[in-house]
file run_12.txt (compact mmCIF, C-alpha atoms)
# COMPACT_ATOMS: atom_id res chain seq x y z
CA MET A 127 88.81 82.79 167.25
CA ALA A 128 85.99 82.44 164.78
CA SER A 129 86.24 79.65 162.26
CA CYS A 130 87.05 80.56 158.63
CA THR A 131 84.57 77.98 157.37
CA SER A 132 80.93 79.00 157.11
CA ALA A 133 78.16 76.59 157.91
CA LEU A 134 75.57 75.71 155.30
CA PRO A 135 72.14 77.36 155.79
CA GLU A 136 69.41 75.29 157.32
CA ASN A 137 66.93 73.55 155.08
CA ASN A 138 64.03 75.82 156.00
CA THR A 139 65.92 79.10 155.83
CA TRP A 140 64.25 80.02 152.54
CA LYS A 141 60.81 79.90 154.17
CA LEU A 142 61.53 83.09 156.09
CA SER A 143 61.47 85.20 152.96
CA ARG A 144 58.98 82.91 151.14
CA LYS A 145 61.50 82.71 148.32
CA ARG A 146 63.43 79.58 147.54
CA PRO A 147 67.18 80.19 146.94
CA GLY A 148 68.53 79.29 143.51
CA ASN A 149 71.10 76.89 144.96
CA PHE A 150 68.66 75.20 147.36
CA GLU A 151 68.84 71.73 145.78
CA LYS A 152 72.61 71.89 145.51
CA LEU A 153 72.93 72.72 149.21
CA ASN A 154 70.74 69.77 150.21
CA THR A 155 71.55 67.12 147.63
CA GLY A 156 74.93 68.22 146.33
CA LYS A 157 73.49 68.34 142.80
CA SER A 158 72.25 71.19 140.71
CA ARG A 159 68.87 70.96 139.01
CA LYS A 160 70.22 72.87 136.02
CA THR A 161 73.13 70.46 135.70
CA ASN A 162 70.83 67.43 135.88
CA ASN A 163 68.44 68.82 133.29
CA PHE A 164 71.25 69.71 130.92
CA ALA A 165 72.79 66.24 131.27
CA ARG A 166 69.46 64.61 130.37
CA GLU A 167 68.77 67.01 127.52
CA ARG A 168 69.13 65.65 124.01
CA VAL A 169 70.02 67.64 120.94
CA LEU A 170 66.83 68.79 119.26
CA HIS A 171 65.97 68.96 115.59
CA ARG A 172 65.91 72.39 113.92
CA ASN A 173 62.11 72.54 113.79
CA GLN A 174 61.84 71.92 117.56
CA THR A 175 62.30 74.58 120.20
CA SER A 176 64.00 74.58 123.56
CA SER A 177 64.35 77.29 126.19
CA GLN A 178 67.99 76.31 126.64
CA SER A 179 68.84 76.46 122.90
CA PRO A 180 71.26 73.49 122.75
CA GLN A 181 74.12 73.46 120.26
CA ARG A 182 73.26 72.10 116.85
CA PRO A 183 75.09 68.97 115.69
CA LEU A 184 77.60 69.04 112.88
CA THR A 185 75.16 67.41 110.44
CA ASP A 186 72.88 70.42 110.85
CA ILE A 187 75.49 72.91 109.70
CA THR A 188 77.10 70.89 106.89
CA ARG A 189 76.52 72.97 103.77
CA GLU A 190 75.13 71.89 100.42
CA THR A 191 77.60 73.69 98.18
CA GLN A 192 76.04 72.44 94.97
CA ALA A 193 72.83 74.35 95.73
CA LEU A 194 74.58 77.64 96.46
CA LYS A 195 75.24 80.42 93.98
CA PRO A 196 78.49 82.41 94.03
CA SER A 197 76.52 85.51 95.07
CA ASP A 198 75.35 83.69 98.19
CA LEU A 199 78.89 83.41 99.56
CA ASP A 200 80.12 86.98 99.85
CA GLY A 201 77.25 89.14 98.72
CA ASN A 202 74.31 87.74 100.68
CA THR A 203 73.27 90.44 103.12
CA SER A 204 70.50 88.53 104.91
CA GLU A 205 72.05 85.15 105.67
CA THR A 206 74.88 84.33 108.03
CA ALA A 207 76.98 81.18 108.00
CA ARG A 208 74.46 79.44 110.28
CA ASP A 209 71.49 80.48 108.13
CA ILE A 210 72.74 78.94 104.88
CA VAL A 211 70.88 75.82 103.78
CA ALA A 212 72.08 72.82 105.83
CA ALA A 213 72.00 69.12 105.10
CA ASP A 214 69.43 67.04 106.96
CA SER A 215 71.23 63.72 106.54
CA GLU A 216 71.91 61.97 109.86
CA GLY A 217 74.66 59.77 108.39
CA PRO A 218 78.34 60.69 108.14
CA VAL A 219 79.44 62.87 105.23
CA SER A 220 82.08 61.28 103.04
CA VAL A 221 85.38 63.15 102.78
CA SER A 222 86.33 64.02 99.22
CA PRO A 223 90.01 63.81 98.28
CA ASP A 224 89.54 67.10 96.43
CA GLY A 225 91.15 69.83 98.52
CA ASN A 226 88.98 72.49 96.89
CA GLU A 227 85.94 71.03 98.59
CA THR A 228 84.17 73.53 100.85
CA VAL A 229 84.19 72.12 104.38
CA THR A 230 82.20 74.79 106.19
CA TYR A 231 81.22 78.45 106.19
CA VAL A 232 82.10 81.20 108.64
CA ASN A 233 80.85 84.73 109.15
CA ASN A 234 83.08 87.28 107.45
CA LEU A 235 84.86 89.45 110.03
CA PHE A 236 85.01 92.25 107.44
CA SER A 237 81.35 92.17 106.50
CA PRO A 238 79.82 95.57 105.74
CA VAL A 239 78.11 97.30 108.64
CA ASN A 240 74.74 95.68 109.41
CA LYS A 241 75.27 93.14 106.58
CA LEU A 242 76.70 89.81 107.72
CA GLN A 243 78.23 87.71 104.95
CA ALA A 244 79.22 84.05 104.87
CA ILE A 245 82.49 82.91 103.31
CA PRO A 246 83.64 79.32 102.60
CA LEU A 247 86.59 77.46 104.05
CA THR A 248 88.09 74.77 101.82
CA LEU A 249 89.82 71.61 102.92
CA ASP A 250 93.11 72.78 101.40
CA GLU A 251 93.01 75.98 103.43
CA LEU A 252 92.43 74.08 106.67
CA ARG A 253 95.27 71.69 105.86
CA ARG A 254 97.62 74.63 105.27
CA ARG A 255 96.95 75.81 108.82
CA THR A 256 98.20 72.50 110.23
CA GLU A 257 101.47 72.68 108.30
CA TYR A 258 104.62 74.80 108.54
CA PRO A 259 104.98 77.49 109.79
CA GLU A 260 101.88 77.77 112.02
CA PHE A 261 101.19 74.11 112.92
CA PHE A 262 97.67 74.73 114.21
CA GLY A 263 96.75 72.40 117.05
CA ARG A 264 93.22 71.42 118.03
CA SER A 265 92.51 74.55 120.07
CA GLU A 266 93.83 76.91 117.37
CA MET A 267 91.82 75.09 114.69
CA VAL A 268 88.61 75.28 116.73
CA ALA A 269 89.10 79.03 117.08
CA TYR A 270 89.81 79.29 113.34
CA LEU A 271 86.60 77.45 112.45
CA ARG A 272 84.49 79.82 114.64
CA HIS A 273 81.91 77.21 115.52
CA SER A 274 81.15 75.68 118.88
CA LYS A 275 83.87 73.56 120.44
CA THR A 276 81.86 70.39 119.81
CA THR A 277 81.28 71.20 116.14
CA GLY A 278 84.88 72.27 115.66
CA ASN A 279 86.20 69.03 117.13
CA GLU A 280 83.86 67.00 114.92
CA LEU A 281 85.13 68.81 111.82
CA ILE A 282 88.74 68.25 112.89
CA SER A 283 88.12 64.53 113.41
CA ARG A 284 86.08 64.13 110.24
CA TYR A 285 88.72 65.65 107.97
CA ASN A 286 91.73 64.39 109.96
CA LEU A 287 93.14 67.88 110.55
CA LYS A 288 96.15 66.99 112.67
CA ALA A 289 99.09 69.33 113.23
CA LYS A 290 102.44 68.25 111.82
CA SER A 291 104.17 69.50 114.97
CA LYS A 292 103.34 69.82 118.66
CA HIS A 293 104.58 73.42 118.76
CA SER A 294 102.19 75.85 117.10
CA LYS A 295 103.35 79.33 116.12
CA VAL A 296 100.54 81.82 115.63
CA ASN A 297 100.77 85.49 114.62
CA VAL A 298 98.54 88.54 114.42
CA LEU A 299 96.91 87.23 111.21
CA SER A 300 96.25 83.68 112.41
CA ARG A 301 92.59 84.33 113.21
CA LEU A 302 91.85 85.53 109.67
CA CYS A 303 90.95 83.11 106.91
CA GLU A 304 92.73 83.65 103.60
CA ARG A 305 89.88 85.48 101.90
CA GLU A 306 89.62 87.88 104.84
CA ALA A 307 93.39 88.49 104.75
CA ARG A 308 93.20 89.53 101.10
CA THR A 309 90.19 91.72 101.87
CA LEU A 310 92.20 93.41 104.62
CA ALA A 311 95.17 94.04 102.31
CA ASN A 312 93.02 95.52 99.55
CA GLY A 313 90.97 97.49 102.07
CA ILE A 314 94.10 99.12 103.50
CA HIS A 315 95.22 100.03 99.98
CA GLN A 316 91.81 101.53 99.20
CA VAL A 317 91.85 103.65 102.37
CA ASN A 318 95.42 104.80 101.67
CA SER A 319 94.60 105.78 98.11
CA GLU A 320 91.39 107.57 99.04
CA TYR A 321 92.39 109.48 102.16
CA PHE A 322 96.17 109.92 102.17
CA PRO A 323 97.01 113.55 101.19
CA THR A 324 99.22 112.60 98.25
CA ASP A 325 98.89 115.97 96.53
CA TYR A 326 99.83 117.94 99.65
CA VAL A 327 102.78 115.68 100.47
CA ALA A 328 104.02 115.97 96.87
CA ASP A 329 103.81 119.77 97.10
CA THR A 330 105.71 119.70 100.37
CA MET A 331 108.42 117.47 98.93
CA LYS A 332 108.71 119.66 95.83
CA ALA A 333 109.15 122.76 98.01
CA GLN A 334 111.80 121.00 100.05
CA MET A 335 113.67 119.94 96.91
CA GLU A 336 113.52 123.51 95.59
CA GLN A 337 114.89 124.87 98.85
CA ASP A 338 117.76 122.40 98.86
CA ARG A 339 118.57 123.17 95.26
CA ASN A 340 118.49 126.92 95.83
CA GLU A 341 120.84 126.66 98.78
CA GLU A 342 123.32 124.70 96.71
CA THR A 343 123.14 126.88 93.59
CA GLN A 344 122.84 130.43 94.91
CA ALA A 345 126.12 131.46 93.28
CA GLU A 346 125.79 129.27 90.19
CA ALA A 347 124.38 129.92 86.72
CA SER A 348 120.76 129.28 85.81
CA ASP A 349 121.65 126.46 83.37
CA GLU A 350 123.23 124.56 86.24
CA THR A 351 120.03 125.07 88.23
CA GLU A 352 118.04 123.49 85.44
CA SER A 353 120.44 120.58 85.38
CA GLY A 354 119.82 120.09 89.11
CA LEU A 355 116.09 119.89 88.44
CA ASP A 356 116.69 117.37 85.68
CA ASP A 357 118.78 115.31 88.09
CA ASN A 358 115.87 115.17 90.53
CA LYS A 359 113.46 114.08 87.81
CA GLU A 360 115.90 111.42 86.64
CA THR A 361 116.27 110.12 90.19
CA ILE A 362 112.49 109.86 90.53
CA ASN A 363 112.25 108.06 87.18
CA SER A 364 114.85 105.51 88.19
CA THR A 365 113.11 104.95 91.54
CA ILE A 366 109.76 104.39 89.85
CA SER A 367 111.34 101.92 87.42
CA MET A 368 112.93 100.03 90.29
CA LEU A 369 109.64 99.86 92.20
CA GLN A 370 107.80 98.67 89.09
CA SER A 371 110.32 95.88 88.61
CA LEU A 372 109.94 94.82 92.25
CA ARG A 373 106.15 94.87 92.04
CA LYS A 374 106.10 92.79 88.85
CA SER A 375 108.48 90.24 90.38
CA LEU A 376 106.04 89.77 93.26
CA GLU A 377 102.94 89.69 91.09
CA GLN A 378 104.47 87.19 88.65
CA PRO A 379 107.31 85.45 90.51
CA ASP A 380 109.54 82.91 88.85
CA ASP A 381 109.70 79.36 90.17
CA GLU A 382 112.62 80.03 92.51
CA LEU A 383 111.07 83.14 94.07
CA ALA A 384 107.68 81.46 94.31
CA LYS A 385 109.18 78.75 96.52
CA ASP A 386 110.71 81.37 98.81
CA LEU A 387 107.43 83.29 99.02
CA GLU A 388 105.35 80.21 99.79
CA VAL A 389 106.19 80.22 103.50
CA PHE A 390 105.57 83.97 103.68
CA GLU A 391 102.17 83.54 102.07
CA ARG A 392 101.22 80.66 104.38
CA ALA A 393 102.25 82.57 107.51
CA THR A 394 100.29 85.68 106.47
CA HIS A 395 97.30 83.79 105.01
CA THR A 396 98.01 85.41 101.58
CA PHE A 397 98.01 88.90 103.15
CA GLY A 398 101.77 89.48 102.85
CA CYS A 399 102.52 89.72 99.13
CA GLN A 400 99.26 91.49 98.34
CA ASN A 401 99.94 94.05 101.06
CA ILE A 402 103.49 94.72 99.83
CA VAL A 403 102.37 95.01 96.20
CA ASN A 404 99.66 97.48 97.21
CA HIS A 405 102.12 99.62 99.15
CA ILE A 406 104.60 99.63 96.27
CA SER A 407 101.80 100.76 93.95
CA PHE A 408 100.90 103.48 96.43
CA VAL A 409 104.49 104.81 96.54
CA GLU A 410 104.60 104.67 92.73
CA SER A 411 101.50 106.86 92.50
CA TYR A 412 103.02 109.34 94.95
CA LEU A 413 106.29 109.60 92.99
CA ALA A 414 104.35 109.98 89.74
CA GLU A 415 102.45 112.91 91.27
CA LEU A 416 105.71 114.48 92.45
CA GLN A 417 107.18 114.05 88.98
CA LYS A 418 104.21 115.86 87.43
CA LYS A 419 104.68 118.83 89.75
CA LEU A 420 108.37 119.04 88.97
CA SER A 421 107.63 118.92 85.24
CA LYS A 422 105.11 121.77 85.56
CA GLU A 423 107.73 123.79 87.38
CA ALA A 424 110.31 123.25 84.66
CA GLU A 425 107.99 124.45 81.85
CA PRO A 426 107.60 128.07 83.09
CA GLU A 427 111.34 128.33 83.72
CA LYS A 428 112.09 127.29 80.13
CA SER A 429 109.52 129.75 78.73
CA VAL A 430 111.03 132.61 80.75
CA ALA A 431 114.53 131.68 79.62
CA SER A 432 113.48 131.67 75.96

call {"tool": "encode", "arguments": {"input": "run_12.txt", "output": "structure tokens"}}
result
Amino acid sequence: MASCTSALPENNTWKLSRKRPGNFEKLNTGKSRKTNNFARERVLHRNQTSSQSPQRPLTDITRETQALKPSDLDGNTSETARDIVAADSEGPVSVSPDGNETVTYVNNLFSPVNKLQAIPLTLDELRRRTEYPEFFGRSEMVAYLRHSKTTGNELISRYNLKAKSKHSKVNVLSRLCEREARTLANGIHQVNSEYFPTDYVADTMKAQMEQDRNEETQAEASDETESGLDDNKETINSTISMLQSLRKSLEQPDDELAKDLEVFERATHTFGCQNIVNHISFVESYLAELQKKLSKEAEPEKSVAS
């Protein structure tokens, strides 16, 4: 029976085709030339070039926030997070106790097409990821920072971003930073408002309500029919009022409700409440449109009756 192990090629096998195999040195010495070169390679300065393009150190991507304008953060269409002005200092950067300090910048996942934008991440935001309910560990935080693993680990160590629990709990929104989550919520609302056929759906609902009312009042007087229409309008009014109260309670919560919503906001990276408020507003606009159509229907009926 033939052996399952294959013998290594002879040293001069490559001479037959006059082409040296890529793994020649590894076969003979047990070491790879690429591995040796990479191990000896040092990180280069930004104004130097290298065919292997080594990762830049953390000091080369630390941002000078004082020199940046607000328009450079979200509206800059030519610079990415890596292209923003970086600090050249080789010494360690002191950690400010101010949680509003911008730690780093990342490329916006919801940048316009062909226009990359950089958005800041503050120290407070990163600390929130390590707390309840997500408890980001090192690997989750590195993914959240969107830099190389080396740079991410240096940022974690520099700002002491340690999880408060060993058991992380991520969700579908965990990869989004808070500003992106709000952009997503408002973007969904904008698409719903612009493209959802509110007028057609309101017409369909009005026709359905008319059909139901006609089936119930075929043998009844016309004044009772008008009262049925008024009942529908009153029901819509009460529903709109209830939705408005709910929306205002979320937009301006009292202290007790704010405490209950804090965990929800942390888990959804501020997407949750904004998304719910937007959907409530959308339903309000739909009911208002339906109410207008019912009011227009009632006016001709009153003119005919008079």

call {"tool": "atom_distance", "arguments": {"input": "run_12.txt", "atom1": "atom CA of A:Thr248", "atom2": "atom CA of A:Thr276"}}
result
19.5 Å

call {"tool": "closest_atom_pairs", "arguments": {"input": "run_12.txt", "of": "stretch 301-403 of chain A", "to": "stretch 231-243 of chain A", "cutoff": "10 Å", "atoms": "all atoms listed in the file", "output": "Markdown table"}}
result
| residue | atom | partner | partner_atom | distance |
| --- | --- | --- | --- | --- |
| A:Arg301 | CA | A:Leu235 | CA | 9.8 |
| A:Leu302 | CA | A:Leu235 | CA | 8.0 |
| A:Cys303 | CA | A:Asn234 | CA | 8.9 |
| A:Arg305 | CA | A:Asn234 | CA | 9.0 |
| A:Glu306 | CA | A:Phe236 | CA | 6.9 |
| A:Ala307 | CA | A:Phe236 | CA | 9.6 |
| A:Thr309 | CA | A:Phe236 | CA | 7.6 |
| A:Leu310 | CA | A:Phe236 | CA | 7.8 |
| A:Gly313 | CA | A:Phe236 | CA | 9.6 |

call {"tool": "atom_distance", "arguments": {"input": "run_12.txt", "atom1": "atom CA of A:Lys419", "atom2": "atom CA of A:Ala328"}}
result
7.7 Å

call {"tool": "axis_aligned_box", "arguments": {"input": "run_12.txt", "around": "stretch 271-282 of chain A", "padding_each_side": "6 Å", "output": "AutoDock Vina command-line options"}}
result
--center_x 84.9 --center_y 73.4 --center_z 116.1 --size_x 19.6 --size_y 24.8 --size_z 20.6

call {"tool": "atom_distance", "arguments": {"input": "run_12.txt", "atom1": "atom CA of A:Glu227", "atom2": "atom CA of A:Leu249"}}
result
5.8 Å

call {"tool": "closest_residue", "arguments": {"input": "run_12.txt", "among": "A:Leu387, A:Glu336, A:Lys295, A:Phe408", "to": "A:Tyr321", "atoms": "all atoms listed in the file"}}
result
A:Phe408

call {"tool": "closest_residue", "arguments": {"input": "run_12.txt", "among": "A:Leu299, A:Ile406, A:Ile362, A:Ile245", "to": "A:Glu391", "atoms": "all atoms listed in the file"}}
result
A:Leu299

call {"tool": "residues_around", "arguments": {"input": "run_12.txt", "residues": "A:Ile314", "least_positions_apart": "3", "cutoff": "12 Å", "atoms": "all atoms listed in the file", "output": "short mmCIF file (atom, residue, chain, number, x, y, z; two decimals) with C-alpha atoms, in the coordinates of the input"}}
result
data_model
loop_
_atom_site.label_atom_id
_atom_site.label_comp_id
_atom_site.auth_asym_id
_atom_site.auth_seq_id
_atom_site.Cartn_x
_atom_site.Cartn_y
_atom_site.Cartn_z
CA ALA A 307 93.39 88.49 104.75
CA ARG A 308 93.20 89.53 101.10
CA THR A 309 90.19 91.72 101.87
CA LEU A 310 92.20 93.41 104.62
CA ALA A 311 95.17 94.04 102.31
CA VAL A 317 91.85 103.65 102.37
CA ASN A 318 95.42 104.80 101.67
CA SER A 319 94.60 105.78 98.11
CA GLU A 320 91.39 107.57 99.04
CA TYR A 321 92.39 109.48 102.16
CA PHE A 322 96.17 109.92 102.17
CA PHE A 397 98.01 88.90 103.15
CA GLN A 400 99.26 91.49 98.34
CA ASN A 401 99.94 94.05 101.06
CA ILE A 402 103.49 94.72 99.83
CA VAL A 403 102.37 95.01 96.20
CA ASN A 404 99.66 97.48 97.21
CA HIS A 405 102.12 99.62 99.15
CA PHE A 408 100.90 103.48 96.43
#

call {"tool": "closest_residue", "arguments": {"input": "run_12.txt", "among": "A:Leu281, A:Cys399, A:Val389, A:Leu420", "to": "A:Asn358", "atoms": "all atoms listed in the file"}}
result
A:Leu420

call {"tool": "decode", "arguments": {"input": "run_12.txt", "residues": "stretch 233-326 of chain A", "atoms": "C-alpha atoms", "output": "PDB file, in the first residue's frame"}}
result
ATOM      1  CA  ASN A 233     -15.422  55.928   8.743  1.00  0.00           C
ATOM      2  CA  ASN A 234     -19.181  56.436   8.701  1.00  0.00           C
ATOM      3  CA  LEU A 235     -20.966  53.270   7.550  1.00  0.00           C
ATOM      4  CA  PHE A 236     -23.814  55.448   6.251  1.00  0.00           C
ATOM      5  CA  SER A 237     -21.665  57.851   4.275  1.00  0.00           C
ATOM      6  CA  PRO A 238     -23.217  59.056   1.009  1.00  0.00           C
ATOM      7  CA  VAL A 239     -22.299  57.080  -2.088  1.00  0.00           C
ATOM      8  CA  ASN A 240     -18.731  57.866  -3.198  1.00  0.00           C
ATOM      9  CA  LYS A 241     -18.308  60.293  -0.266  1.00  0.00           C
ATOM     10  CA  LEU A 242     -16.615  58.783   2.781  1.00  0.00           C
ATOM     11  CA  GLN A 243     -17.120  60.735   6.002  1.00  0.00           C
ATOM     12  CA  ALA A 244     -15.317  60.520   9.337  1.00  0.00           C
ATOM     13  CA  ILE A 245     -17.216  60.600  12.629  1.00  0.00           C
ATOM     14  CA  PRO A 246     -15.782  60.891  16.169  1.00  0.00           C
ATOM     15  CA  LEU A 247     -15.978  58.403  19.012  1.00  0.00           C
ATOM     16  CA  THR A 248     -15.891  59.891  22.507  1.00  0.00           C
ATOM     17  CA  LEU A 249     -14.515  58.284  25.625  1.00  0.00           C
ATOM     18  CA  ASP A 250     -17.977  58.228  27.216  1.00  0.00           C
ATOM     19  CA  GLU A 251     -19.402  56.317  24.278  1.00  0.00           C
ATOM     20  CA  LEU A 252     -16.656  53.693  24.462  1.00  0.00           C
ATOM     21  CA  ARG A 253     -17.173  53.325  28.211  1.00  0.00           C
ATOM     22  CA  ARG A 254     -20.898  52.757  27.668  1.00  0.00           C
ATOM     23  CA  ARG A 255     -20.080  49.779  25.455  1.00  0.00           C
ATOM     24  CA  THR A 256     -18.194  48.093  28.306  1.00  0.00           C
ATOM     25  CA  GLU A 257     -21.107  48.463  30.725  1.00  0.00           C
ATOM     26  CA  TYR A 258     -24.531  46.839  31.068  1.00  0.00           C
ATOM     27  CA  PRO A 259     -26.170  45.454  28.986  1.00  0.00           C
ATOM     28  CA  GLU A 260     -23.575  44.732  26.262  1.00  0.00           C
ATOM     29  CA  PHE A 261     -20.352  44.338  28.290  1.00  0.00           C
ATOM     30  CA  PHE A 262     -18.025  44.628  25.290  1.00  0.00           C
ATOM     31  CA  GLY A 263     -14.903  42.525  25.694  1.00  0.00           C
ATOM     32  CA  ARG A 264     -11.588  43.166  23.955  1.00  0.00           C
ATOM     33  CA  SER A 265     -12.564  41.497  20.671  1.00  0.00           C
ATOM     34  CA  GLU A 266     -15.921  43.309  20.470  1.00  0.00           C
ATOM     35  CA  MET A 267     -14.271  46.644  21.247  1.00  0.00           C
ATOM     36  CA  VAL A 268     -11.604  46.138  18.572  1.00  0.00           C
ATOM     37  CA  ALA A 269     -14.357  45.483  16.027  1.00  0.00           C
ATOM     38  CA  TYR A 270     -16.238  48.557  17.253  1.00  0.00           C
ATOM     39  CA  LEU A 271     -13.177  50.785  16.831  1.00  0.00           C
ATOM     40  CA  ARG A 272     -12.673  49.607  13.199  1.00  0.00           C
ATOM     41  CA  HIS A 273      -8.916  49.987  13.280  1.00  0.00           C
ATOM     42  CA  SER A 274      -6.264  47.318  13.049  1.00  0.00           C
ATOM     43  CA  LYS A 275      -6.096  44.837  15.902  1.00  0.00           C
ATOM     44  CA  THR A 276      -2.840  46.377  17.139  1.00  0.00           C
ATOM     45  CA  THR A 277      -4.229  49.914  17.136  1.00  0.00           C
ATOM     46  CA  GLY A 278      -7.479  48.798  18.732  1.00  0.00           C
ATOM     47  CA  ASN A 279      -5.663  47.029  21.553  1.00  0.00           C
ATOM     48  CA  GLU A 280      -3.493  50.087  22.163  1.00  0.00           C
ATOM     49  CA  LEU A 281      -6.582  52.297  22.432  1.00  0.00           C
ATOM     50  CA  ILE A 282      -8.210  49.829  24.823  1.00  0.00           C
ATOM     51  CA  SER A 283      -5.116  49.758  27.039  1.00  0.00           C
ATOM     52  CA  ARG A 284      -4.562  53.501  26.885  1.00  0.00           C
ATOM     53  CA  TYR A 285      -8.080  54.391  28.005  1.00  0.00           C
ATOM     54  CA  ASN A 286      -8.545  51.362  30.291  1.00  0.00           C
ATOM     55  CA  LEU A 287     -11.635  50.106  28.462  1.00  0.00           C
ATOM     56  CA  LYS A 288     -12.305  46.950  30.439  1.00  0.00           C
ATOM     57  CA  ALA A 289     -15.634  45.121  30.419  1.00  0.00           C
ATOM     58  CA  LYS A 290     -17.575  45.029  33.671  1.00  0.00           C
ATOM     59  CA  SER A 291     -18.508  41.398  33.013  1.00  0.00           C
ATOM     60  CA  LYS A 292     -16.946  38.390  31.291  1.00  0.00           C
ATOM     61  CA  HIS A 293     -20.161  37.642  29.397  1.00  0.00           C
ATOM     62  CA  SER A 294     -20.791  40.067  26.544  1.00  0.00           C
ATOM     63  CA  LYS A 295     -24.238  40.338  24.969  1.00  0.00           C
ATOM     64  CA  VAL A 296     -24.234  41.868  21.508  1.00  0.00           C
ATOM     65  CA  ASN A 297     -27.204  42.554  19.218  1.00  0.00           C
ATOM     66  CA  VAL A 298     -27.870  43.566  15.634  1.00  0.00           C
ATOM     67  CA  LEU A 299     -26.984  47.206  16.412  1.00  0.00           C
ATOM     68  CA  SER A 300     -23.746  46.533  18.296  1.00  0.00           C
ATOM     69  CA  ARG A 301     -21.516  47.321  15.321  1.00  0.00           C
ATOM     70  CA  LEU A 302     -23.018  50.797  14.899  1.00  0.00           C
ATOM     71  CA  CYS A 303     -21.717  53.766  16.833  1.00  0.00           C
ATOM     72  CA  GLU A 304     -24.350  55.997  18.412  1.00  0.00           C
ATOM     73  CA  ARG A 305     -24.283  58.665  15.727  1.00  0.00           C
ATOM     74  CA  GLU A 306     -24.753  56.020  13.035  1.00  0.00           C
ATOM     75  CA  ALA A 307     -27.673  54.494  14.959  1.00  0.00           C
ATOM     76  CA  ARG A 308     -29.466  57.846  15.035  1.00  0.00           C
ATOM     77  CA  THR A 309     -28.712  58.332  11.341  1.00  0.00           C
ATOM     78  CA  LEU A 310     -30.262  54.932  10.634  1.00  0.00           C
ATOM     79  CA  ALA A 311     -33.412  55.747  12.632  1.00  0.00           C
ATOM     80  CA  ASN A 312     -33.912  59.103  10.921  1.00  0.00           C
ATOM     81  CA  GLY A 313     -33.061  57.609   7.529  1.00  0.00           C
ATOM     82  CA  ILE A 314     -35.743  54.936   7.916  1.00  0.00           C
ATOM     83  CA  HIS A 315     -38.264  57.625   8.866  1.00  0.00           C
ATOM     84  CA  GLN A 316     -37.302  59.707   5.833  1.00  0.00           C
ATOM     85  CA  VAL A 317     -37.709  56.745   3.471  1.00  0.00           C
ATOM     86  CA  ASN A 318     -41.065  55.826   5.036  1.00  0.00           C
ATOM     87  CA  SER A 319     -42.380  59.366   4.735  1.00  0.00           C
ATOM     88  CA  GLU A 320     -41.167  59.807   1.174  1.00  0.00           C
ATOM     89  CA  TYR A 321     -42.078  56.489  -0.418  1.00  0.00           C
ATOM     90  CA  PHE A 322     -44.853  54.868   1.617  1.00  0.00           C
ATOM     91  CA  PRO A 323     -48.190  55.277  -0.279  1.00  0.00           C
ATOM     92  CA  THR A 324     -49.975  57.043   2.577  1.00  0.00           C
ATOM     93  CA  ASP A 325     -52.608  58.612   0.336  1.00  0.00           C
ATOM     94  CA  TYR A 326     -53.525  55.318  -1.335  1.00  0.00           C
TER      95      TYR A 326
END
